[in-house]
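K.L.:
Pasting a structure below so you can have a look.
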Amino acid sequence: QQYKYTSAEVINNSVNRQKNYFTLNKGKRQGLAVDMAVTYDNKVAGIIVSCSDNYSVAISILNLDFRVSARIKPSGYFGSLNWDGHNPRYAVLNEIPQHINVSIGDTVETTGYSAIFPEGTLIGVISDVKSSGSDFYNIKVELFTDLRKLRYVTVIGNIRKSEQQQIEKQFQ
């Protein structure tokens with residue numbers, strides 16, 4: 001088994017700032033740690049950035065500093081997904097080249113490359129695709145998780161994360 005799962009309750013949450021966070025009712029004593037993934041019904045919600053004995057704070061997907069490696073499920077092409085600070089229902093998928101076929105309604109999920117989120121954790125669906133002046137599309141993704149309704153979440157810890165990071169460090 002590569003991942004351990006812990007349920008938690010959101011006891012504080014912000015969604016109307018540029019840098020949003022939420023607080024969980026569990027911490028180090030309950031097995032949580034920094035850099036664990038937080039999901040809602042197998043959908044991306046955030047990543048733990050701080051832990052005390054009994055509480056944790058997670059950076060929300062609705063935070064300008066949040067980034068996740070994401071891929072378009074039908075094609076397998078991946079890029080970086082982040083929130084642009086505007087509508088809490090949408091994020092932006094970057095670095096997808098314009099020579100590939102991208103369709104409205106395509107599912108976007110995590111790649112698993114970060115060692116934080118398991119591969120295939122759902123993020124959203126493509127709601128708009130525009131050609132830009134560069135080699136990449138401007139892709140708008142409608143998020144599956146409505147952070148304004150976040151209450152009970154699952155925290156996911158990658159048991160093998162440190163081993164993966166240690167071996168990858170040799171080549172950075």
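The way I read the labels, and the way they are meant: chains A, B, ... in the order of the structure tokens, residue 1 as the first residue of every chain, and ligand 1 as the first ligand shown, with later ones counted on from there.
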Within 10 Å of Met36 of chain A, counting only C-alpha atoms, which residues show up once you throw out same-chain ones fewer than 2 positions away? Write them as a list in words, please.
P.N.:
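What passes the distance filter is Lys4, Tyr5, Leu32, Ala33, Val34, Val38, Thr39, Gly46, Ile47, Ile48, Val49, Ala58, Ala115, Ile116, Phe117, Val155, Ile156, Gly157, Asn158 and Lys161 of chain A.
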K.L.:
Output N, CA and C atoms for every residue in the selection just made, as a compact mmCIF listing (two decimals), in the first residue's frame.
P.N.:
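Saved to out_27.txt:
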```
# COMPACT_ATOMS: atom_id res chain seq x y z
N LYS A 4 -1.86 6.31 2.78
CA LYS A 4 -2.72 6.14 3.96
C LYS A 4 -3.75 7.26 3.94
N TYR A 5 -4.96 6.92 4.36
CA TYR A 5 -6.09 7.83 4.27
C TYR A 5 -6.63 8.12 5.66
N LEU A 32 -1.26 13.28 10.76
CA LEU A 32 -1.16 14.20 9.63
C LEU A 32 0.20 14.90 9.63
N ALA A 33 0.60 15.36 8.46
CA ALA A 33 1.90 16.03 8.31
C ALA A 33 1.84 16.99 7.12
N VAL A 34 2.81 17.87 7.08
CA VAL A 34 2.95 18.82 5.97
C VAL A 34 3.13 18.04 4.66
N VAL A 38 -5.16 16.88 0.40
CA VAL A 38 -6.50 16.94 0.99
C VAL A 38 -7.49 16.86 -0.17
N THR A 39 -8.42 15.89 -0.06
CA THR A 39 -9.41 15.70 -1.11
C THR A 39 -10.82 15.71 -0.52
N GLY A 46 -6.82 20.65 -1.52
CA GLY A 46 -5.67 21.42 -1.06
C GLY A 46 -4.53 20.53 -0.62
N ILE A 47 -3.54 21.16 0.02
CA ILE A 47 -2.35 20.46 0.54
C ILE A 47 -2.03 21.03 1.91
N ILE A 48 -1.76 20.15 2.87
CA ILE A 48 -1.41 20.60 4.22
C ILE A 48 -0.07 21.34 4.20
N VAL A 49 -0.07 22.54 4.82
CA VAL A 49 1.14 23.36 4.86
C VAL A 49 1.65 23.59 6.29
N ALA A 58 -4.38 23.84 5.62
CA ALA A 58 -4.10 23.44 4.24
C ALA A 58 -4.22 24.65 3.32
N ALA A 115 4.24 13.40 -6.03
CA ALA A 115 4.36 12.53 -4.85
C ALA A 115 3.45 12.99 -3.72
N ILE A 116 2.54 13.92 -4.00
CA ILE A 116 1.57 14.37 -2.99
C ILE A 116 0.20 13.79 -3.30
N PHE A 117 -0.36 14.11 -4.47
CA PHE A 117 -1.66 13.55 -4.85
C PHE A 117 -1.48 12.24 -5.59
N VAL A 155 -7.60 13.14 4.04
CA VAL A 155 -6.20 13.53 3.94
C VAL A 155 -5.43 12.30 3.50
N ILE A 156 -4.60 12.48 2.47
CA ILE A 156 -3.88 11.35 1.88
C ILE A 156 -2.38 11.55 2.06
N GLY A 157 -1.75 10.57 2.68
CA GLY A 157 -0.31 10.60 2.88
C GLY A 157 0.37 9.53 2.03
N ASN A 158 1.36 9.94 1.26
CA ASN A 158 2.13 9.01 0.44
C ASN A 158 3.23 8.40 1.31
N LYS A 161 6.76 8.73 -0.14
CA LYS A 161 7.13 10.05 -0.67
C LYS A 161 8.61 10.38 -0.42
```
K.L.:
Quick check, in Å to one decimal: how far apart do atom CA of Ser134 of chain A and atom CA of Ser60 of chain A lie?
P.N.:
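Computing it gives 29.0 Å between the two atoms.
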K.L.:
How close does segment 108-142 of chain A get to segment 84-97 of chain A? List, as JSON lines, each residue of segment 108-142 of chain A within 7 Å, its nearest atom pair and the distance in Å to one decimal, counting only C-alpha atoms.
P.N.:
```
{"residue": "A:Asp135", "atom": "CA", "partner": "A:Pro97", "partner_atom": "CA", "distance": 5.7}
{"residue": "A:Phe136", "atom": "CA", "partner": "A:Pro97", "partner_atom": "CA", "distance": 4.3}
{"residue": "A:Tyr137", "atom": "CA", "partner": "A:Ile96", "partner_atom": "CA", "distance": 5.8}
{"residue": "A:Asn138", "atom": "CA", "partner": "A:Asn94", "partner_atom": "CA", "distance": 6.8}
{"residue": "A:Ile139", "atom": "CA", "partner": "A:Leu93", "partner_atom": "CA", "distance": 5.3}
{"residue": "A:Lys140", "atom": "CA", "partner": "A:Val92", "partner_atom": "CA", "distance": 4.8}
{"residue": "A:Val141", "atom": "CA", "partner": "A:Ala91", "partner_atom": "CA", "distance": 5.2}
{"residue": "A:Glu142", "atom": "CA", "partner": "A:Tyr90", "partner_atom": "CA", "distance": 4.5}
```
K.L.:
Just all heavy atoms for this one: save the residues we selected as a compact mmCIF listing (two decimals), in the first residue's frame.
P.N.:
```txt
# COMPACT_ATOMS: atom_id res chain seq x y z
N ASP A 135 2.72 29.25 -27.98
CA ASP A 135 2.55 27.88 -28.46
C ASP A 135 1.55 27.09 -27.62
O ASP A 135 1.31 25.92 -27.91
CB ASP A 135 3.91 27.15 -28.42
CG ASP A 135 4.92 27.77 -29.36
OD1 ASP A 135 4.50 28.39 -30.36
OD2 ASP A 135 6.13 27.61 -29.10
N PHE A 136 0.99 27.71 -26.59
CA PHE A 136 0.13 27.00 -25.65
C PHE A 136 -1.29 27.55 -25.63
O PHE A 136 -1.51 28.73 -25.88
CB PHE A 136 0.72 27.07 -24.24
CG PHE A 136 2.11 26.52 -24.15
CD1 PHE A 136 3.21 27.37 -24.09
CD2 PHE A 136 2.34 25.15 -24.16
CE1 PHE A 136 4.50 26.87 -24.02
CE2 PHE A 136 3.63 24.63 -24.09
CZ PHE A 136 4.70 25.50 -24.02
N TYR A 137 -2.22 26.69 -25.29
CA TYR A 137 -3.61 27.10 -25.13
C TYR A 137 -3.81 27.87 -23.82
O TYR A 137 -3.06 27.68 -22.86
CB TYR A 137 -4.54 25.88 -25.02
CG TYR A 137 -4.78 25.13 -26.30
CD1 TYR A 137 -4.38 23.80 -26.42
CD2 TYR A 137 -5.48 25.70 -27.37
CE1 TYR A 137 -4.65 23.08 -27.57
CE2 TYR A 137 -5.74 24.99 -28.52
CZ TYR A 137 -5.33 23.67 -28.62
OH TYR A 137 -5.60 22.96 -29.75
N ASN A 138 -4.88 28.67 -23.77
CA ASN A 138 -5.43 29.19 -22.52
C ASN A 138 -6.62 28.29 -22.20
O ASN A 138 -7.61 28.32 -22.93
CB ASN A 138 -5.90 30.64 -22.67
CG ASN A 138 -4.75 31.60 -22.80
OD1 ASN A 138 -3.68 31.38 -22.23
ND2 ASN A 138 -4.95 32.67 -23.54
N ILE A 139 -6.52 27.48 -21.16
CA ILE A 139 -7.55 26.49 -20.85
C ILE A 139 -8.17 26.80 -19.49
O ILE A 139 -7.47 26.89 -18.48
CB ILE A 139 -6.98 25.06 -20.85
CG1 ILE A 139 -6.41 24.74 -22.24
CG2 ILE A 139 -8.04 24.05 -20.45
CD1 ILE A 139 -5.71 23.40 -22.33
N LYS A 140 -9.48 26.96 -19.49
CA LYS A 140 -10.24 27.20 -18.26
C LYS A 140 -10.85 25.87 -17.82
O LYS A 140 -11.44 25.15 -18.62
CB LYS A 140 -11.34 28.22 -18.55
CG LYS A 140 -12.09 28.72 -17.35
CD LYS A 140 -13.06 29.81 -17.82
CE LYS A 140 -13.79 30.46 -16.68
NZ LYS A 140 -14.74 31.48 -17.17
N VAL A 141 -10.68 25.55 -16.52
CA VAL A 141 -11.16 24.29 -15.96
C VAL A 141 -12.19 24.58 -14.88
O VAL A 141 -11.91 25.31 -13.93
CB VAL A 141 -9.99 23.46 -15.37
CG1 VAL A 141 -10.49 22.19 -14.71
CG2 VAL A 141 -8.95 23.15 -16.45
N GLU A 142 -13.38 24.01 -15.05
CA GLU A 142 -14.40 24.11 -14.01
C GLU A 142 -14.09 23.07 -12.94
O GLU A 142 -14.03 21.88 -13.23
CB GLU A 142 -15.80 23.89 -14.57
CG GLU A 142 -16.88 24.07 -13.53
CD GLU A 142 -18.29 23.96 -14.10
OE1 GLU A 142 -18.44 23.78 -15.32
OE2 GLU A 142 -19.23 24.04 -13.29
```
K.L.:
Could you tell me, as number ranges by chain, which residues of segment 4-165 of chain A DSSP assigns to strand (DSSP E or B) when given the backbone?
P.N.:
A: 4-13, 19-24, 37-39, 43-51, 56-63, 68-72, 78-82, 90-94, 97, 107-110, 122-131, 136-143, 152-158
K.L.:
Write down as a list in words the residues belonging to segment 10-164 of chain A that are assigned alpha helix (DSSP H) by DSSP computed on the backbone.
P.N.:
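Residues meeting the alpha helix (DSSP H) criterion: Lys161, Ser162, Glu163 and Gln164 of chain A.
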K.L.:
Could you check how far atom CA of Asp65 of chain A sits from atom CA of Gly133 of chain A, in Å to one decimal?
P.N.:
24.7 Å
K.L.:
Closest to Ala37 of chain A among A:Gln1, A:Ser127, A:Ser103, A:Thr121, using only C-alpha atoms?
P.N.:
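Selected residue with least distance to Ala37 of chain A: A:Thr121.
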K.L.:
Excluding Asp41 of chain A and residues on its chain fewer than 5 positions from it, collect all residues at most 9 Å away from it, counting only C-alpha atoms, and give them as a PDB file with N, CA, C and O atoms, in the first residue's frame.
P.N.:
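Just written: around-v7.pdb:
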```pdb
ATOM      1  N   THR A 145     -14.598  20.358  -7.113  1.00  0.00           N
ATOM      2  CA  THR A 145     -14.793  20.660  -5.697  1.00  0.00           C
ATOM      3  C   THR A 145     -15.282  22.091  -5.531  1.00  0.00           C
ATOM      4  O   THR A 145     -14.614  23.026  -5.972  1.00  0.00           O
ATOM      5  N   TYR A 152     -16.342  17.763   5.228  1.00  0.00           N
ATOM      6  CA  TYR A 152     -15.603  16.545   5.572  1.00  0.00           C
ATOM      7  C   TYR A 152     -14.676  16.189   4.420  1.00  0.00           C
ATOM      8  O   TYR A 152     -15.100  16.141   3.267  1.00  0.00           O
ATOM      9  N   VAL A 153     -13.408  15.954   4.741  1.00  0.00           N
ATOM     10  CA  VAL A 153     -12.394  15.716   3.720  1.00  0.00           C
ATOM     11  C   VAL A 153     -11.604  14.452   4.052  1.00  0.00           C
ATOM     12  O   VAL A 153     -11.694  13.911   5.160  1.00  0.00           O
ATOM     13  N   THR A 154     -10.814  14.017   3.084  1.00  0.00           N
ATOM     14  CA  THR A 154      -9.885  12.910   3.282  1.00  0.00           C
ATOM     15  C   THR A 154      -8.475  13.440   3.089  1.00  0.00           C
ATOM     16  O   THR A 154      -8.198  14.112   2.084  1.00  0.00           O
TER      17      THR A 154
END
```
K.L.:
Work out how far apart atom CA of Arg148 of chain A and atom CA of Lys26 of chain A are and give it in Å to one decimal.
P.N.:
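Straight-line distance from atom CA of Arg148 of chain A to atom CA of Lys26 of chain A works out to 20.2 Å.
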K.L.:
Given only C-alpha atoms as the basis, pick out the residue of A:Val102, A:Val108, A:Leu150, A:Ile159 nearest to Tyr21 of chain A.
P.N.:
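Distance minimum relative to Tyr21 of chain A lands on A:Leu150.
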K.L.:
Please list as an MDAnalysis selection string every residue within 12 Å of Lys149 of chain A, counting only C-alpha atoms and excluding residues in the same chain fewer than 2 positions away.
P.N.:
chainID A and resid 9:15 22 40 45 88:89 144:147 151:153
K.L.:
For Tyr55 of chain A, which residue out of A:Gly27, A:Gly79, A:Pro74, A:Pro118 is the nearest one, using only C-alpha atoms?
P.N.:
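Distance minimum relative to Tyr55 of chain A lands on A:Gly27.
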K.L.:
What's around Asn54 of chain A at 9 Å? Count only C-alpha atoms, leave out sequence neighbours fewer than 5 positions away in its own chain, and write the answer as a VMD selection string.
P.N.:
chain A and resid 24 to 30
